[in-house]
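Shown next, in structure tokens, is the structure this report addresses.
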There are 2 protein chains.
Amino acid sequence: MKKIFFLLLAMVIITQSLYSQTNEKFNHYKSIADTIIKTALRERKGYELLRELCEIGPRLSGSENSLKAIYWAKEKMIEAGFDSVWLQPVMVPHWERGEKEFCGVYNNSKLIKQLNLLALGGSIATNPEGLTAAVIEIKSFKELKLKANDVKGKIVFFSRPIDQGLVNTFAGYGSTVDQRLYGAIEAAKFGAVGVVIRSLTTKYDNVPHTGVMLYVDSLPKIPAAAIGYLDSDFLSEQLKQNPDLLLRLKLNCKTFNDAQSYNVVGEIKGTDYPNEIIVVGGHFDSWDVGCGAHDDGAGCIQSFEVLDLFKRLSLKPKRTVRCVFFTNEENGSRGGIEYGKFAAASSEKHIAAIEADRGAYTPVGFNVDSDSATINKIAEWLPVLERAGIEWVRKGGSGVDVSKIKNAKALLGFVPDDQRYMDIHHSANDTFEEVHPREFELGSAAMAVMVYLLSEEGL
Amino acid sequence: MKKIFFLLLAMVIITQSLYSQTNEKFNHYKSIADTIIKTALRERKGYELLRELCEIGPRLSGSENSLKAIYWAKEKMIEAGFDSVWLQPVMVPHWERGEKEFCGVYNNSKLIKQLNLLALGGSIATNPEGLTAAVIEIKSFKELKLKANDVKGKIVFFSRPIDQGLVNTFAGYGSTVDQRLYGAIEAAKFGAVGVVIRSLTTKYDNVPHTGVMLYVDSLPKIPAAAIGYLDSDFLSEQLKQNPDLLLRLKLNCKTFNDAQSYNVVGEIKGTDYPNEIIVVGGHFDSWDVGCGAHDDGAGCIQSFEVLDLFKRLSLKPKRTVRCVFFTNEENGSRGGIEYGKFAAASSEKHIAAIEADRGAYTPVGFNVDSDSATINKIAEWLPVLERAGIEWVRKGGSGVDVSKIKNAKALLGFVPDDQRYMDIHHSANDTFEEVHPREFELGSAAMAVMVYLLSEEGL
């Protein structure tokens with residue numbers, strides 16, 4: 001009886017001691033988290049760096065400007081005192097928009113209205129004199145098949161808008177982006193000579209949104225472009241009144257030979273487990289309109305700021321923390337693929353990789369792509385993460401680039417609020433002014449806290 | 001043995017049946033919630049109504065414009081087909097800014113710079129020729145006491161900024177607002193002749209923010225105003241170089257006799273428990289700069305839209321749903337107090353009252369001021385509420401106006417994201433353009449779902 005009593009007593013003491021150790025550890029983490037958050041919010045260093053980046057202009061991979069930004073980024077990492085900084089060479093597609101496009105609506109060869117239009121990324125040009133054809137409005141590939149006989153020789157106008165009724169704007173985007181990605185392929189199957197789409201946007205304005213489009217070699221390549229939302233309404237209305245009106249389309253884009261580009265990589269070596277790697281990154285390329293402030297200059301600079309906060313606060317990570325600015329996410333993912341190959345061949349152990357590519361809005365959560373035990377382990381850190389506004393950790397997709405790191409234990413996607421993102425995505429609306437300093441810095445802080453915990457705890 | 005077996009079997013069946021009933025009920029609620037959300041986000045009726053309201057201009061209670069808005073609101077409720085619509089008379093303070101203020105920094109009677117300045121709500125005017133005095137910069141009431149001997153005959157410049165390091169901007173505001181509220185009282189104690197404060201803002205711009213300030217009869221009343229953030233920096237810098245510089249201040253404000261105003265009330269009668277009341281509201285008055293779009297035109301129109309969504313969707317609430325546009329929250333809370341008296345004297349049973357007065361940003365949660373059992377009951381609805389982006393239900397404060405309904409079972413505060421709110425609060429920045437349609441409508445929807453659940457389930 002006495003033995004049992006002492007055994008029980010010992011168990012109680014051990015349990016309490018473990019509990020109080022965990023408690024103490026978490027209190028320590030919370031205090032570090034608060035310091036990280038306060039520093040980010042007060043100093044706004046990343047935000048000011050994003051301003052500088054945006055002044056360089058858009059960064060479509062393969063462009064001169066993109067290289068300028070890449071060298072700038074490398075210098076910034078060196079200035080920040082990261083332990084190693086390097087450029088990882090990647091060959092990328094090189095497409096240029098050329099001279100500004102033209103799109104006119106004609107009735108009996110009289111110009112009714114010029115429409116705001118932007119070639120889709122990867123589109124071929126029209127003939128120099130432009131492409132003039134009748135237009136057929138189509139809402140879906142299903143409807144396209146039903147109207148297969150009416151498409152030949154025409155420009156197909158895919159006009160299905162993002163469903164504003166969906167709370168998650170990425171879901172809305174996801175259910176309309178087929179028009180942009182595959183519209184030219186599907187329309188070409190039935191003899192269309194061109195494709196225009198209603199811009200994929202949640203904003204009822206007239207700023208056209210671009211984005212990548214695809215061809216297949218087995219079908220004729222036809223020019224493809226996006227029309228501003230309001231002008232899409234206009235075109236739709238006009239077509240109801242006069243189905244015979246003509247659209248004249250002049251695109252001047254050109255695809256060149258692949259160009260030299262680079263992922264920009266910087267790291268702080270881990271003190272205890274230098275061979276265990278935590279990647280945090282975004283894609284450094286942007287479309288060639290606006291300046292890719294949210295998409296994804298912000299995600300890159302926030303990732304930079306994670307490491308920079310460690311430096312500013314003299315936090316020495318136990319595991320190696322590496323930020324990667326991936327090149328060419330928008331039209332090829334070559335940067336992500338290249339890094340993935342490097343990770344696969346490396347003797348390093350990638351324990352986690354976090355991607356920030358959903359805009360720099362108020363942090364909400366982290367998606368984790370891993371096994372349940374790992375997700376649960378990360379979810380246990382919520383009491384610390386919530387200091388930076390993180391409401392949840394749940395199973396979910398990470399991001400286009402880090403998902404190429406197939407051998408990482410956990411792939412994470414940083415999830416901010418998304419209500420405003422599709423207003424500006426891939427358009428001239430994506431400017432520095434659309435980024436809110438506190439939202440941006442809270443994002444940097446949330447990621448820094450996550451990276452700090454990963455570095456301390458491992459996976 | 002057989003008996004026990006059948007008893008256990010019966011229990012299992014009853015439990016399963018209850019579980020499946022609850023499940024079915026919640027699935028039904030989720031489907032209603034989804035319909036509410038989709039309708040709000042797709043139709044944007046409330047958002048367009050807010051545009052109309054903002055075109056009327058600012059609505060400081062006691063002003064002509066405020067009455068114009070009140071009559072407009074009554075008409076809108078009647079047009080929407082609410083069962084009853086009425087104006088509840090309230091006498092309110094009547095303060096006017098008068099002609100635009102002037103504030104100049106002088107060195108040896110030479111004007112160095114004119115500063116962006118706005119009288120605080122309730123301030124007295126200066127003499128017609130203006131008040132000219134030396135300035136002393138003070139960070140806190142504690143410092144004021146320490147420098148008591150240096151204050152006499154001077155203008156006190158309270159310059160403590162909102163701590164950007166705090167994640168919650170209301171916490172930042174709360175820890176600096178003493179300067180605005182009590183600055184004139186505290187400074188007058190030591191013989192100061194005027195008070196200027198650094199604008200309470202999270203935005204590093206030069207737009208001054210006003211807000212209510214207080215006097216006590218036992219002390220001299222001295223003029224009080226807010227200076228734009230950047231001009232506050234300027235003044236601070238200048239004072240370091242030349243502590244003898246003079247500030248000339250000219251305020252032209254005036255307090256008139258109390259004026260007639262009204263709460264605007266509209267309701268949909270409950271089908272089953274018409275005597276049980278669920279209030280949802282905001283305050284209809286605003287400051288006299290900007291147009292009170294977020295503060296709190298949005299909260300009112302979102303509350304209106306809760307009822308309007310019920311009408312549009314032919315949802316008949318079991319309990320009476322009442323929207324209240326409270327008057328005079330900004331400088332007296334007379335509307336809230338009047339409604340509270342009415343509720344106390346009424347034979348109706350107020351089961352819940354929700355206040356929306358934290359801007360129309362992306363919904364995050366609901367604060368509930370009630371007993372634990374009630375809070376837990378509401379928290380059980382999270383699987384339904386989260387369809388509209390609600391992440392949590394927790395114990396917390398409701399709002400200035402509904403907190404006057406002392407006999408309500410539960411007082412709720414609708415909590416949206418707050419990162420941008422203090423940028424615009426009480427300033428010319430608070431315009432319709434700052435309101436995002438999706439964020440606004442998601443807020444309407446979140447409140448409508450909460451009101452729907454309260455109406456179905458009771459408390």
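Letters A, B, ... mark the chains of the structure tokens in the order given; residue numbers begin at 1 per chain; ligand numbers begin at 1, in order shown.
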
For this session: Starting from chain A, keep only residues with some atom at most 8 Å from an atom of chain B, counting only C-alpha atoms, and report them as a PyMOL selection string.
Result: chain A and resi 37-42+163-167+362+387-389+391+417+419-420+436+438-439+442

Output C-alpha atoms for every residue in that selection, as a short mmCIF file (atom, residue, chain, number, x, y, z; two decimals), in the first residue's frame.
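Wrote result-v9.cif, looks like this:
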data_model
loop_
_atom_site.label_atom_id
_atom_site.label_comp_id
_atom_site.auth_asym_id
_atom_site.auth_seq_id
_atom_site.Cartn_x
_atom_site.Cartn_y
_atom_site.Cartn_z
CA ILE A 37 5.55 41.18 -33.14
CA LYS A 38 6.28 44.52 -31.47
CA THR A 39 9.51 44.92 -33.40
CA ALA A 40 7.88 44.20 -36.75
CA LEU A 41 4.90 46.47 -36.11
CA ARG A 42 6.91 49.34 -34.70
CA ASP A 163 -19.09 34.03 -58.03
CA GLN A 164 -19.14 36.81 -55.43
CA GLY A 165 -21.33 34.59 -53.27
CA LEU A 166 -18.37 32.45 -52.26
CA VAL A 167 -16.80 33.65 -49.02
CA THR A 362 -4.18 40.40 -41.85
CA ARG A 387 -0.29 36.43 -30.35
CA ALA A 388 0.23 37.37 -34.01
CA GLY A 389 -3.44 36.96 -34.89
CA GLU A 391 -6.67 31.78 -35.50
CA ASP A 417 -7.56 37.38 -45.01
CA GLN A 419 -11.45 39.50 -49.22
CA ARG A 420 -9.45 42.15 -51.15
CA HIS A 436 -1.33 48.10 -45.44
CA ARG A 438 0.27 46.87 -40.12
CA GLU A 439 -1.27 43.97 -42.03
CA LEU A 442 1.75 41.33 -38.71
#

Problem set entry | Spatial neighbours of Cys103 of chain A, max dist 9 Å, only C-alpha atoms, sep filter under 4 positions, as a list in words | Lys113, Gln114, Leu115, Asn116, Leu117, Ile227, Leu247, Arg248, Leu249, Lys250 and Leu251 of chain A

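For Gly399 of chain B, the non-local neighbours within 9 Å, defined as residues at least 5 positions apart in the same chain or in other chains and counting only C-alpha atoms, are Gly282, Ile354, Glu355, Ala356, Asp357, Lys404, Leu411, Leu412, Gly413 and Phe414 of chain B.
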
Would you pick out the contacts of Gly183 of chain B at 10 Å or less, using only C-alpha atoms, so that residues sharing its chain but fewer than 4 positions from it are not included, and give the list as a PDB file with C-alpha atoms, in the first residue's frame?
ATOM      1  CA  SER B 140       1.590  61.606 -19.886  1.00  0.00           C
ATOM      2  CA  PHE B 141      -0.392  62.943 -16.933  1.00  0.00           C
ATOM      3  CA  LEU B 144       2.460  66.676 -16.405  1.00  0.00           C
ATOM      4  CA  VAL B 156       0.216  71.762 -23.324  1.00  0.00           C
ATOM      5  CA  PHE B 157       1.096  69.495 -26.245  1.00  0.00           C
ATOM      6  CA  PHE B 158       0.194  65.914 -25.309  1.00  0.00           C
ATOM      7  CA  VAL B 177      -7.200  58.358 -25.491  1.00  0.00           C
ATOM      8  CA  ASP B 178      -6.809  59.767 -21.955  1.00  0.00           C
ATOM      9  CA  GLN B 179      -4.886  62.656 -23.561  1.00  0.00           C
ATOM     10  CA  ALA B 187      -3.692  70.737 -18.008  1.00  0.00           C
ATOM     11  CA  ALA B 188      -6.115  73.323 -16.586  1.00  0.00           C
ATOM     12  CA  GLY B 194      -4.840  75.491 -24.104  1.00  0.00           C
ATOM     13  CA  VAL B 195      -4.260  71.893 -25.123  1.00  0.00           C
ATOM     14  CA  VAL B 196      -3.185  70.313 -28.381  1.00  0.00           C
ATOM     15  CA  ILE B 197      -2.760  66.565 -28.776  1.00  0.00           C
ATOM     16  CA  MET B 213     -13.113  65.834 -24.904  1.00  0.00           C
ATOM     17  CA  LEU B 214     -14.373  66.673 -21.429  1.00  0.00           C
ATOM     18  CA  TYR B 215     -14.453  69.596 -19.032  1.00  0.00           C
ATOM     19  CA  ILE B 222      -9.427  75.756 -22.125  1.00  0.00           C
ATOM     20  CA  ALA B 224      -8.436  71.741 -27.106  1.00  0.00           C
TER      21      ALA B 224
END

At a cut-off of 6 Å, using only C-alpha atoms, what residues contact Lys395 of chain A? Leave out same-chain residues fewer than 6 positions from it and give the result as a short mmCIF file (atom, residue, chain, number, x, y, z; two decimals) with C-alpha atoms, in the first residue's frame.
data_model
loop_
_atom_site.label_atom_id
_atom_site.label_comp_id
_atom_site.auth_asym_id
_atom_site.auth_seq_id
_atom_site.Cartn_x
_atom_site.Cartn_y
_atom_site.Cartn_z
CA ASN A 367 -2.40 25.46 -43.87
CA VAL A 368 -0.22 22.42 -43.22
CA ASP A 369 0.37 19.68 -45.73
#
